[in-house]
Structure formats: structure tokens, C-alpha cells
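Trainee: Dumping the structure here so I can ask a few things about it.
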Amino acid sequence: MLFRVDPGSAVPLGDQIAASVRGAIADGSVDAGERLPAARALAASLGVNVHTVLRGYQRLKEEGLIELRRGRGAVVTGAASPARARLGEAAEQLITQARQLGLSDEEIVTVVRLGLTGR
């Protein structure tokens with residue numbers, strides 16, 4: 001699995017790391033049960049702080065795409081499907097576009113709620 005980050009991007013590095021994993025799940029190059037690189041090793045290879053990697057991994061855990069196991073690392077969950085990963089990518093794009101328009105987090109949530117209710 002190939003991780004790429006762009007330090008010059010407006011997207012936080014942890015989010016870029018999460019997006020790399022999401023993309024690999026979405027295109028089928030990473031399957032359920034596969035281990036992700038150890039946070040320390042990945043941080044060293046990317047030249048970033050280990051906490052940056054852990055933030056990206058935590059976001060993926062919150063999305064249900066990976067499990068974090070103390071001493072065993074990060075593992076792609078059985079719930080991680082390409083369709084779910086693509087949905088996560090679409091959500092990230094929505095958030096990025098909304099922030100570029102100057103919307104606050106609360107305003108983004110309102111837009112999503114309105115979409116859910118069909119208003």
C-alpha cells in the first residue's frame with residue numbers, strides 16, 4: 001500500500017493518511033483483515049510525527065474502517081467495504097468544498113440534515 005502526503009496541501013496530514021487508506025479499501029487493494037503499517041514506521045517513512053499518523057488512524061477507526069489493537073496495530077475491519085470507503089471519500093470532498101466556501105462545521109451539518117430530510 002502506498003501512502004502519499006503533501007505537506008503544502010490545505011488538507012491536514014492525518015486526513016491525507018486516512019484518505020490513502022480509504023482509497024486503497026475503495027479500489028480493493030486492501031482487504032478486510034489486513035494490517036496497516038505500524039504508526040511509528042509509517043511516520044518515519046513519511047517524515048511526519050507519529051501522532052499525525054495516529055490521528056489519521058483514529059479517524060478511520062471512528063468511520064468503522066479499521067480497528068486499533070494495542071500491541072497488534074491497525075487492522076482493516078470486516079465492515080470496511082469499497083462502497084463504504086468511497087462514501088467516506090465523498091464525505092471528505094463535501095467537507096473540503098464546504099470549508100472552501102467558508103461554512104462552519106455547524107453549517108455543514110445543517111446542509112447534511114436538510115439533505116436527509118429532503119428539504
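For the C-alpha cells, the naming scheme is as follows: chains receive sequential letters (A, B, ...) according to their order of presentation, residues are indexed from 1 within each chain, and ligands are indexed from 1 in presentation order.
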Return as a VMD selection string the full set of residues in chain A whose backbone-based DSSP assignment is helix (DSSP H, G or I).
Mentor: chain A and resid 13 to 26 39 to 46 50 to 62 82 to 100 105 to 117
Trainee: Residues at most 9 Å from Glu89 in chain A, counting only C-alpha atoms, excluding those fewer than 5 positions away in the same chain, as a list in words?
Mentor: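 Selected residues are Ala19, Arg22, Gly23, Ala26, Arg84 and Leu94 of chain A.
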Trainee: Identify, on the basis of only C-alpha atoms, every residue whose closest approach to Arg70 in chain A does not exceed 12 Å; exclude the query and any residue fewer than 3 positions from it along the same chain; express the result as an MDAnalysis selection string.
Mentor: chainID A and resid 38:39 67 73:75
Trainee: Of the candidates A:Arg99, A:Arg40, A:Arg113, A:Lys61, which shows the shortest atom-to-atom distance to Thr77 in chain A, using only C-alpha atoms?
Mentor: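 Once distances to Thr77 in chain A are computed over only C-alpha atoms, the minimum belongs to A:Lys61.
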Trainee: Just asking: which residues within range 61-94 of chain A are strand (DSSP E or B) according to DSSP, as a list in words?
Mentor: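 These are the residues in question: Ile66, Glu67, Leu68, Arg69, Gly73, Ala74, Val75 and Val76 of chain A.
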Trainee: What lies within 9 Å of Pro12 in chain A using only C-alpha atoms, ignoring chain neighbours under 5 positions off, as a PyMOL selection string?
Mentor: chain A and resi 7+17+52
Trainee: So that I can check the surroundings of range 107-112 of chain A, please list as a list of chain:residue names every protein, DNA and RNA residue that reaches within 8 Å of it, counting only C-alpha atoms and ignoring chain neighbours fewer than 3 positions away.
Mentor: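 In the requested format, the answer is A:Ile95, A:Ala98, A:Leu103, A:Ser104, A:Gly115, A:Leu116.
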Trainee: At a cut-off of 12 Å, using only C-alpha atoms, what residues contact Ala24 in chain A? Leave out same-chain residues fewer than 2 positions from it and give the result as a PyMOL selection string.
Mentor: chain A and resi 1-4+17-22+26-32+34+36+65+76+80-86+89
Trainee: Store the residues picked out above, limited to C-alpha atoms, as a PDB file, in the first residue's frame.
Mentor:
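File out-v2.pdb, as written:
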ATOM      1  CA  MET A   1       0.000   0.000   0.000  1.00  0.00           C
ATOM      2  CA  LEU A   2       1.337   3.382  -0.989  1.00  0.00           C
ATOM      3  CA  PHE A   3       0.928   6.376   1.303  1.00  0.00           C
ATOM      4  CA  ARG A   4       1.435   9.873  -0.035  1.00  0.00           C
ATOM      5  CA  ILE A  17      -3.154   9.467   5.542  1.00  0.00           C
ATOM      6  CA  ALA A  18      -6.756   8.431   6.234  1.00  0.00           C
ATOM      7  CA  ALA A  19      -7.645   9.224   2.614  1.00  0.00           C
ATOM      8  CA  SER A  20      -4.828   6.956   1.400  1.00  0.00           C
ATOM      9  CA  VAL A  21      -6.253   4.037   3.359  1.00  0.00           C
ATOM     10  CA  ARG A  22      -9.817   4.844   2.270  1.00  0.00           C
ATOM     11  CA  ALA A  26     -12.218   1.603  -2.199  1.00  0.00           C
ATOM     12  CA  ASP A  27     -10.112   0.254  -5.065  1.00  0.00           C
ATOM     13  CA  GLY A  28      -9.831  -3.195  -3.486  1.00  0.00           C
ATOM     14  CA  SER A  29      -6.062  -3.157  -2.990  1.00  0.00           C
ATOM     15  CA  VAL A  30      -6.554  -3.619   0.775  1.00  0.00           C
ATOM     16  CA  ASP A  31      -8.949  -6.211   2.163  1.00  0.00           C
ATOM     17  CA  ALA A  32     -10.588  -6.900   5.499  1.00  0.00           C
ATOM     18  CA  GLU A  34      -5.081  -6.785   6.501  1.00  0.00           C
ATOM     19  CA  LEU A  36      -1.748  -1.357   8.187  1.00  0.00           C
ATOM     20  CA  LEU A  65     -12.941   1.056   8.634  1.00  0.00           C
ATOM     21  CA  VAL A  76      -8.897  -3.290   8.350  1.00  0.00           C
ATOM     22  CA  ALA A  80     -14.720  -1.986   5.572  1.00  0.00           C
ATOM     23  CA  SER A  81     -16.131  -2.318   2.082  1.00  0.00           C
ATOM     24  CA  PRO A  82     -15.146  -0.474  -1.079  1.00  0.00           C
ATOM     25  CA  ALA A  83     -18.583   1.184  -1.169  1.00  0.00           C
ATOM     26  CA  ARG A  84     -18.258   2.406   2.422  1.00  0.00           C
ATOM     27  CA  ALA A  85     -14.761   3.715   1.753  1.00  0.00           C
ATOM     28  CA  ARG A  86     -16.000   5.584  -1.343  1.00  0.00           C
ATOM     29  CA  GLU A  89     -14.159   9.852   0.359  1.00  0.00           C
TER      30      GLU A  89
END
